[in-house]
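K.L.:
Got data.cif for you, mmCIF, C-alpha atoms:
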```
data_model
loop_
_atom_site.group_PDB
_atom_site.id
_atom_site.type_symbol
_atom_site.label_atom_id
_atom_site.label_comp_id
_atom_site.auth_asym_id
_atom_site.auth_seq_id
_atom_site.Cartn_x
_atom_site.Cartn_y
_atom_site.Cartn_z
ATOM 1 C CA MET A 193 248.379 125.286 3.059
ATOM 2 C CA SER A 194 250.689 125.515 6.063
ATOM 3 C CA THR A 195 249.284 125.853 9.568
ATOM 4 C CA LEU A 196 250.981 129.223 9.955
ATOM 5 C CA LEU A 197 249.320 130.676 6.863
ATOM 6 C CA THR A 198 245.964 129.232 7.851
ATOM 7 C CA THR A 199 246.333 130.889 11.238
ATOM 8 C CA LEU A 200 247.132 134.247 9.625
ATOM 9 C CA LEU A 201 244.094 134.079 7.346
ATOM 10 C CA SER A 202 241.862 133.094 10.244
ATOM 11 C CA ALA A 203 243.219 135.911 12.410
ATOM 12 C CA ASN A 204 242.600 138.375 9.594
ATOM 13 C CA ALA A 205 238.984 137.284 9.233
ATOM 14 C CA GLN A 206 238.420 137.636 12.976
ATOM 15 C CA TRP A 207 240.068 141.071 13.022
ATOM 16 C CA ALA A 208 237.969 142.324 10.106
ATOM 17 C CA GLU A 209 234.807 141.031 11.741
ATOM 18 C CA ARG A 210 235.600 142.697 15.083
ATOM 19 C CA LEU A 211 236.381 146.012 13.426
ATOM 20 C CA SER A 212 233.230 145.850 11.313
ATOM 21 C CA ASP A 213 231.197 145.220 14.448
ATOM 22 C CA THR A 214 232.600 148.245 16.273
ATOM 23 C CA HIS A 215 232.938 150.523 13.215
ATOM 24 C CA PRO A 216 230.404 149.343 10.608
ATOM 25 C CA ASN A 217 231.455 151.863 7.941
ATOM 26 C CA PHE A 218 235.212 151.610 8.455
ATOM 27 C CA PHE A 219 236.159 149.487 5.458
ATOM 28 C CA SER A 220 233.747 151.208 3.077
ATOM 29 C CA GLN A 221 235.317 154.527 4.057
ATOM 30 C CA CYS A 222 238.806 153.107 3.520
ATOM 31 C CA ALA A 223 237.800 152.065 0.026
ATOM 32 C CA LYS A 224 237.037 155.699 -0.838
ATOM 33 C CA GLY A 225 240.660 156.807 -0.401
ATOM 34 C CA GLN A 226 243.324 157.726 2.122
ATOM 35 C CA SER A 227 244.503 160.920 3.761
ATOM 36 C CA PRO A 228 247.156 160.007 6.349
ATOM 37 C CA LYS A 229 249.091 162.884 7.870
ATOM 38 C CA VAL A 230 252.180 160.826 8.685
ATOM 39 C CA LEU A 231 254.804 159.084 6.554
ATOM 40 C CA TRP A 232 256.780 156.487 8.520
ATOM 41 C CA ILE A 233 260.214 155.591 7.134
ATOM 42 C CA GLY A 234 261.284 152.659 9.251
ATOM 43 C CA CYS A 235 263.143 149.379 9.418
ATOM 44 C CA ALA A 236 261.795 146.121 8.019
ATOM 45 C CA ASP A 237 262.370 144.468 11.413
ATOM 46 C CA SER A 238 259.341 142.401 12.419
ATOM 47 C CA ARG A 239 259.450 143.774 15.971
ATOM 48 C CA VAL A 240 258.623 147.337 14.895
ATOM 49 C CA PRO A 241 255.218 147.323 13.155
ATOM 50 C CA GLU A 242 254.349 151.010 12.954
ATOM 51 C CA SER A 243 250.581 150.700 13.258
ATOM 52 C CA VAL A 244 250.845 148.399 16.260
ATOM 53 C CA VAL A 245 253.428 150.379 18.271
ATOM 54 C CA THR A 246 251.500 153.627 17.727
ATOM 55 C CA ASP A 247 248.059 152.058 18.195
ATOM 56 C CA ALA A 248 247.072 153.412 14.779
ATOM 57 C CA LYS A 249 244.344 152.267 12.414
ATOM 58 C CA PRO A 250 244.600 151.387 8.716
ATOM 59 C CA GLY A 251 244.724 154.673 6.845
ATOM 60 C CA ASP A 252 246.526 156.598 9.598
ATOM 61 C CA ILE A 253 250.147 156.088 8.473
ATOM 62 C CA PHE A 254 251.752 155.976 5.025
ATOM 63 C CA VAL A 255 254.717 153.586 5.204
ATOM 64 C CA HIS A 256 258.108 152.839 3.703
ATOM 65 C CA ARG A 257 260.301 150.231 5.387
ATOM 66 C CA ASN A 258 263.643 148.683 4.504
ATOM 67 C CA ILE A 259 266.757 147.245 6.119
ATOM 68 C CA ALA A 260 268.081 149.678 8.781
ATOM 69 C CA ASN A 261 265.587 152.454 7.896
ATOM 70 C CA GLN A 262 267.764 153.920 5.152
ATOM 71 C CA PHE A 263 266.901 156.835 2.871
ATOM 72 C CA HIS A 264 269.465 156.781 0.092
ATOM 73 C CA PRO A 265 269.459 159.912 -2.104
ATOM 74 C CA ASP A 266 269.496 157.736 -5.252
ATOM 75 C CA ASP A 267 266.856 155.212 -4.145
ATOM 76 C CA ASP A 268 263.873 155.663 -6.457
ATOM 77 C CA SER A 269 261.724 153.445 -4.257
ATOM 78 C CA ALA A 270 262.108 155.691 -1.209
ATOM 79 C CA LEU A 271 262.000 158.867 -3.285
ATOM 80 C CA SER A 272 258.791 157.835 -5.019
ATOM 81 C CA VAL A 273 257.156 157.050 -1.668
ATOM 82 C CA LEU A 274 258.196 160.461 -0.329
ATOM 83 C CA MET A 275 256.971 162.253 -3.462
ATOM 84 C CA PHE A 276 253.613 160.480 -3.428
ATOM 85 C CA ALA A 277 253.182 160.988 0.319
ATOM 86 C CA VAL A 278 253.921 164.720 0.237
ATOM 87 C CA ASN A 279 252.576 165.767 -3.154
ATOM 88 C CA VAL A 280 249.581 163.452 -3.553
ATOM 89 C CA VAL A 281 248.508 162.033 -0.207
ATOM 90 C CA GLY A 282 249.253 165.252 1.680
ATOM 91 C CA VAL A 283 251.244 164.108 4.704
ATOM 92 C CA GLU A 284 252.402 166.744 7.168
ATOM 93 C CA HIS A 285 254.966 164.772 9.146
ATOM 94 C CA VAL A 286 257.743 162.501 7.895
ATOM 95 C CA LEU A 287 259.084 160.223 10.624
ATOM 96 C CA VAL A 288 262.431 158.495 10.236
ATOM 97 C CA VAL A 289 262.301 155.753 12.862
ATOM 98 C CA GLY A 290 265.196 153.559 13.896
ATOM 99 C CA HIS A 291 265.186 150.987 16.674
ATOM 100 C CA THR A 292 267.429 149.421 19.273
ATOM 101 C CA HIS A 293 268.923 145.973 18.620
ATOM 102 C CA CYS A 294 268.963 146.733 14.886
ATOM 103 C CA GLY A 295 270.496 143.852 12.933
ATOM 104 C CA GLY A 296 271.452 146.081 10.001
ATOM 105 C CA ALA A 297 273.263 148.554 12.241
ATOM 106 C CA ALA A 298 274.983 145.693 14.070
ATOM 107 C CA THR A 299 276.177 144.258 10.754
ATOM 108 C CA CYS A 300 277.714 147.615 9.829
ATOM 109 C CA LEU A 301 279.472 147.815 13.184
ATOM 110 C CA GLU A 302 280.857 144.308 12.652
ATOM 111 C CA ALA A 303 282.001 145.278 9.161
ATOM 112 C CA VAL A 304 283.979 148.240 10.483
ATOM 113 C CA GLN A 305 285.497 146.124 13.243
ATOM 114 C CA ALA A 306 286.418 143.423 10.709
ATOM 115 C CA GLN A 307 288.093 145.975 8.471
ATOM 116 C CA ALA A 308 290.141 147.266 11.388
ATOM 117 C CA SER A 309 291.362 143.746 12.157
ATOM 118 C CA ASN A 310 291.820 142.708 8.519
ATOM 119 C CA SER A 311 289.131 140.060 8.944
ATOM 120 C CA PRO A 312 286.457 139.067 6.411
ATOM 121 C CA PRO A 313 283.315 141.260 6.618
ATOM 122 C CA PRO A 314 280.097 139.701 7.966
ATOM 123 C CA VAL A 315 278.394 140.396 4.619
ATOM 124 C CA SER A 316 280.136 140.573 1.261
ATOM 125 C CA PRO A 317 280.097 144.129 -0.124
ATOM 126 C CA ASN A 318 279.216 142.648 -3.522
ATOM 127 C CA THR A 319 275.842 141.301 -2.358
ATOM 128 C CA PRO A 320 272.584 143.268 -2.432
ATOM 129 C CA LEU A 321 272.646 143.546 1.364
ATOM 130 C CA GLY A 322 276.278 144.628 1.381
ATOM 131 C CA ARG A 323 275.639 147.332 -1.215
ATOM 132 C CA TRP A 324 272.540 148.509 0.608
ATOM 133 C CA LEU A 325 274.357 148.856 3.930
ATOM 134 C CA ALA A 326 277.501 150.456 2.450
ATOM 135 C CA PRO A 327 276.475 154.068 3.255
ATOM 136 C CA LEU A 328 275.682 153.126 6.845
ATOM 137 C CA THR A 329 278.963 151.216 7.149
ATOM 138 C CA ASN A 330 280.760 154.331 5.934
ATOM 139 C CA LEU A 331 278.902 156.413 8.523
ATOM 140 C CA VAL A 332 279.866 154.009 11.294
ATOM 141 C CA SER A 333 283.530 154.322 10.302
ATOM 142 C CA THR A 334 283.361 158.081 10.953
ATOM 143 C CA LEU A 335 281.887 157.813 14.448
ATOM 144 C CA ASP A 336 284.131 158.287 17.470
ATOM 145 C CA LEU A 337 282.946 155.095 19.105
ATOM 146 C CA GLU A 338 286.155 154.373 20.996
ATOM 147 C CA THR A 339 285.292 157.165 23.426
ATOM 148 C CA LEU A 340 282.076 155.351 24.399
ATOM 149 C CA PRO A 341 281.511 152.171 26.427
ATOM 150 C CA ALA A 342 281.306 149.146 24.109
ATOM 151 C CA GLU A 343 277.790 148.307 25.244
ATOM 152 C CA THR A 344 276.535 151.680 23.957
ATOM 153 C CA HIS A 345 278.086 151.469 20.488
ATOM 154 C CA LEU A 346 275.049 149.994 18.762
ATOM 155 C CA ASP A 347 272.641 152.530 20.278
ATOM 156 C CA ALA A 348 274.975 155.348 19.215
ATOM 157 C CA ILE A 349 274.997 153.997 15.659
ATOM 158 C CA VAL A 350 271.209 153.692 15.595
ATOM 159 C CA GLU A 351 270.776 157.333 16.632
ATOM 160 C CA ALA A 352 273.476 158.613 14.274
ATOM 161 C CA ASN A 353 271.832 156.663 11.465
ATOM 162 C CA VAL A 354 268.418 158.222 12.118
ATOM 163 C CA LYS A 355 269.945 161.700 12.160
ATOM 164 C CA ARG A 356 271.730 161.053 8.864
ATOM 165 C CA GLN A 357 268.552 159.802 7.217
ATOM 166 C CA VAL A 358 266.688 162.887 8.439
ATOM 167 C CA GLU A 359 269.360 164.963 6.691
ATOM 168 C CA ASN A 360 268.941 162.884 3.524
ATOM 169 C CA VAL A 361 265.174 163.337 3.524
ATOM 170 C CA CYS A 362 265.489 167.085 4.087
ATOM 171 C CA ALA A 363 267.930 167.368 1.177
ATOM 172 C CA THR A 364 265.427 166.005 -1.361
ATOM 173 C CA ASP A 365 263.736 168.195 -3.947
ATOM 174 C CA VAL A 366 260.387 167.029 -2.581
ATOM 175 C CA ILE A 367 260.956 168.421 0.901
ATOM 176 C CA LYS A 368 262.793 171.530 -0.259
ATOM 177 C CA GLY A 369 259.934 172.241 -2.646
ATOM 178 C CA ALA A 370 257.326 171.806 0.079
ATOM 179 C CA TRP A 371 259.253 174.131 2.380
ATOM 180 C CA ALA A 372 259.683 176.766 -0.312
ATOM 181 C CA ALA A 373 255.956 176.682 -1.031
ATOM 182 C CA ALA A 374 255.106 177.064 2.659
ATOM 183 C CA LEU A 375 257.499 179.988 3.141
ATOM 184 C CA GLY A 376 256.183 181.734 0.044
ATOM 185 C CA ASP A 377 252.571 181.512 1.176
ATOM 186 C CA GLU A 378 251.632 184.863 2.729
ATOM 187 C CA SER A 379 248.204 183.588 3.761
ATOM 188 C CA GLY A 380 249.785 181.067 6.111
ATOM 189 C CA GLU A 381 247.321 178.444 4.909
ATOM 190 C CA LYS A 382 249.835 176.397 2.926
ATOM 191 C CA ARG A 383 250.408 172.939 4.399
ATOM 192 C CA GLN A 384 253.717 172.653 6.248
ATOM 193 C CA VAL A 385 255.776 169.485 6.163
ATOM 194 C CA TRP A 386 258.012 168.538 9.067
ATOM 195 C CA VAL A 387 260.701 165.837 9.233
ATOM 196 C CA HIS A 388 261.433 164.094 12.536
ATOM 197 C CA GLY A 389 263.836 161.484 13.904
ATOM 198 C CA TRP A 390 262.655 158.871 16.406
ATOM 199 C CA VAL A 391 264.024 155.655 17.904
ATOM 200 C CA TYR A 392 261.923 152.729 19.092
ATOM 201 C CA ASP A 393 263.214 150.847 22.137
ATOM 202 C CA VAL A 394 262.507 147.178 21.478
ATOM 203 C CA ALA A 395 263.020 146.282 25.149
ATOM 204 C CA SER A 396 260.442 148.754 26.481
ATOM 205 C CA GLY A 397 258.081 149.323 23.557
ATOM 206 C CA ARG A 398 258.583 153.101 23.812
ATOM 207 C CA LEU A 399 259.370 155.636 21.113
ATOM 208 C CA LYS A 400 261.908 158.407 21.727
ATOM 209 C CA ASP A 401 262.048 161.726 19.896
ATOM 210 C CA LEU A 402 265.694 162.583 19.127
ATOM 211 C CA GLY A 403 264.913 166.293 18.944
ATOM 212 C CA VAL A 404 266.110 166.776 15.366
ATOM 213 C CA SER A 405 262.812 167.909 13.841
ATOM 214 C CA ARG A 406 263.052 170.230 10.856
ATOM 215 C CA GLY A 407 260.469 172.266 9.000
ATOM 216 C CA PRO A 408 260.192 175.337 6.757
ATOM 217 C CA GLN A 409 261.279 177.754 9.479
ATOM 218 C CA THR A 410 264.303 175.678 10.511
ATOM 219 C CA GLN A 411 266.154 175.729 7.200
ATOM 220 C CA GLY A 412 269.766 176.637 7.690
ATOM 221 C CA GLU A 413 269.796 175.838 11.400
#
```
Let me see the structure of the file written as structure tokens.
P.N.:
Amino acid sequence: MSTLLTTLLSANAQWAERLSDTHPNFFSQCAKGQSPKVLWIGCADSRVPESVVTDAKPGDIFVHRNIANQFHPDDDSALSVLMFAVNVVGVEHVLVVGHTHCGGAATCLEAVQAQASNSPPPVSPNTPLGRWLAPLTNLVSTLDLETLPAETHLDAIVEANVKRQVENVCATDVIKGAWAAALGDESGEKRQVWVHGWVYDVASGRLKDLGVSRGPQTQGE
């Protein structure tokens, strides 16, 4: 076995031992089930581990991650995670989280620039990665980036991407159904589900709320 893998296994054993020492019943409680209140839809980037950057424990956050934190309306993987999180696990907050220095977003920016100069794209559109990033590339092509300083283009794309994915999540039958149920509950006891858009700053380690949160009472706004 490689030294790297040996190190990971050793670190895991030490972590489990430390946690068992401080919280003796933690793992036995985890084995009984989960009830996280947050679903994190984020990027697969290794620099943005959701539990680490939020100082959360196992069981606190339900997670779906992919390249450039996308939520495609026809992606059964993302849709099944959302359905399970809302309808079975019982989450109350869905977080779409992008991050600065995003390689996927940068690739889409390069693709749009290449198209404008009749140059080959950085990733072939016929590859899995090219197909996956196609909706984001299309979004980038609609942004008025020429009015912004070049050094801010990537950050603008990252934020626009998060806002678009929030819209995509809110347009699903899962979220619309949860909102309809909450609005139709006269007792006010029905669980409400909110969708939020955040960005993680890799250079500072801080999360920023983009102020695009939506819930049952915000439909149509």
K.L.:
What is the atom CA of Asn318 of chain A-atom CA of Asn261 of chain A distance in Å, reported with one decimal?
P.N.:
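That distance, rounded to one decimal, is 20.3 Å.
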K.L.:
Here's the selection I'm unsure about, the PyMOL selection byres ((chain A and resi 329) around 12); applied to the file above, which residues does it give, as a CSV table (one decimal) with C-alpha atoms, in the frame of the given file?
P.N.:
```
chain,number,residue,atom,x,y,z
A,260,ALA,CA,268.1,149.7,8.8
A,262,GLN,CA,267.8,153.9,5.2
A,296,GLY,CA,271.5,146.1,10.0
A,297,ALA,CA,273.3,148.6,12.2
A,298,ALA,CA,275.0,145.7,14.1
A,299,THR,CA,276.2,144.3,10.8
A,300,CYS,CA,277.7,147.6,9.8
A,301,LEU,CA,279.5,147.8,13.2
A,302,GLU,CA,280.9,144.3,12.7
A,303,ALA,CA,282.0,145.3,9.2
A,304,VAL,CA,284.0,148.2,10.5
A,305,GLN,CA,285.5,146.1,13.2
A,306,ALA,CA,286.4,143.4,10.7
A,307,GLN,CA,288.1,146.0,8.5
A,313,PRO,CA,283.3,141.3,6.6
A,314,PRO,CA,280.1,139.7,8.0
A,315,VAL,CA,278.4,140.4,4.6
A,317,PRO,CA,280.1,144.1,-0.1
A,321,LEU,CA,272.6,143.5,1.4
A,322,GLY,CA,276.3,144.6,1.4
A,323,ARG,CA,275.6,147.3,-1.2
A,324,TRP,CA,272.5,148.5,0.6
A,325,LEU,CA,274.4,148.9,3.9
A,326,ALA,CA,277.5,150.5,2.4
A,327,PRO,CA,276.5,154.1,3.3
A,328,LEU,CA,275.7,153.1,6.8
A,330,ASN,CA,280.8,154.3,5.9
A,331,LEU,CA,278.9,156.4,8.5
A,332,VAL,CA,279.9,154.0,11.3
A,333,SER,CA,283.5,154.3,10.3
A,334,THR,CA,283.4,158.1,11.0
A,335,LEU,CA,281.9,157.8,14.4
A,349,ILE,CA,275.0,154.0,15.7
A,350,VAL,CA,271.2,153.7,15.6
A,352,ALA,CA,273.5,158.6,14.3
A,353,ASN,CA,271.8,156.7,11.5
```
K.L.:
Of the candidates A:Thr364, A:Thr410, A:Thr344, A:Ser311, which shows the shortest atom-to-atom distance to His264 of chain A, using only C-alpha atoms?
P.N.:
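Among the listed residues, A:Thr364 lies closest to His264 of chain A.
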K.L.:
Report the distance between atom CA of Thr198 of chain A and atom CA of Lys249 of chain A in Å, rounded to one decimal place.
P.N.:
23.5 Å
K.L.:
Would you kindly translate the PyMOL selection byres ((chain A and resi 357) around 12) into the concrete residues it picks from this file, as a VMD selection string?
P.N.:
chain A and resid 233 to 235 260 to 265 270 286 to 290 327 to 328 331 350 to 356 358 to 364 387 to 390 404 to 405
K.L.:
Emit as AutoDock Vina command-line options the padded axis-aligned box for all listed atoms of segment 395-411 of chain A, 5 Å per side, with centre and edge lengths in Å to one decimal.
P.N.:
```
--center_x 262.1 --center_y 162.0 --center_z 16.6 --size_x 18.1 --size_y 41.5 --size_z 29.7
```
K.L.:
Using all atoms listed in the file, find all polymer residues with an atom at most 9 Å away from the point (267.1, 155.8, 22.1); report them as a PyMOL selection string.
P.N.:
chain A and resi 290-292+347-348+350-351+390-393+399-402
K.L.:
Expanded to explicit residues, what is the PyMOL selection byres ((chain A and resi 250) around 10) for this file, as a PyMOL selection string?
P.N.:
chain A and resi 218-219+222+226+228+243+248-249+251-254
K.L.:
Please return as a PyMOL selection string every residue within 9 Å of (262.4, 142.9, 8.7), taking into account all atoms listed in the file and the file's own coordinates.
P.N.:
chain A and resi 235-240+257-260
K.L.:
Do you have the atom CA of Lys382 of chain A-atom CA of Pro408 of chain A distance handy?
P.N.:
11.1 Å
K.L.:
Need to verify the contact set: Met275 of chain A, 12 Å, all atoms listed in the file, exclusion of same-chain residues closer than 6 positions in sequence. Can you return it as a list in words?
P.N.:
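Final neighbour list, sorted by chain and number: Leu231, Phe254, His256, Asp268, Ser269, Val281, Gly282, Val283, Val286, Val361, Thr364, Asp365, Val366, Ile367, Lys368, Gly369 and Ala370 of chain A.
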K.L.:
Restricting the calculation to only C-alpha atoms: of A:Asn279, A:Ser396, A:Thr319, A:Ser272, which residue gets closest to Lys229 of chain A?
P.N.:
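Ranking A:Asn279, A:Ser396, A:Thr319, A:Ser272 by distance to Lys229 of chain A, first place goes to A:Asn279.
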K.L.:
Ranking A:Glu284, A:Asp247, A:Asp267, A:Glu242 by minimum distance to Trp386 of chain A and counting only C-alpha atoms, which one comes first?
P.N.:
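Nearest candidate to Trp386 of chain A out of A:Glu284, A:Asp247, A:Asp267, A:Glu242: A:Glu284.
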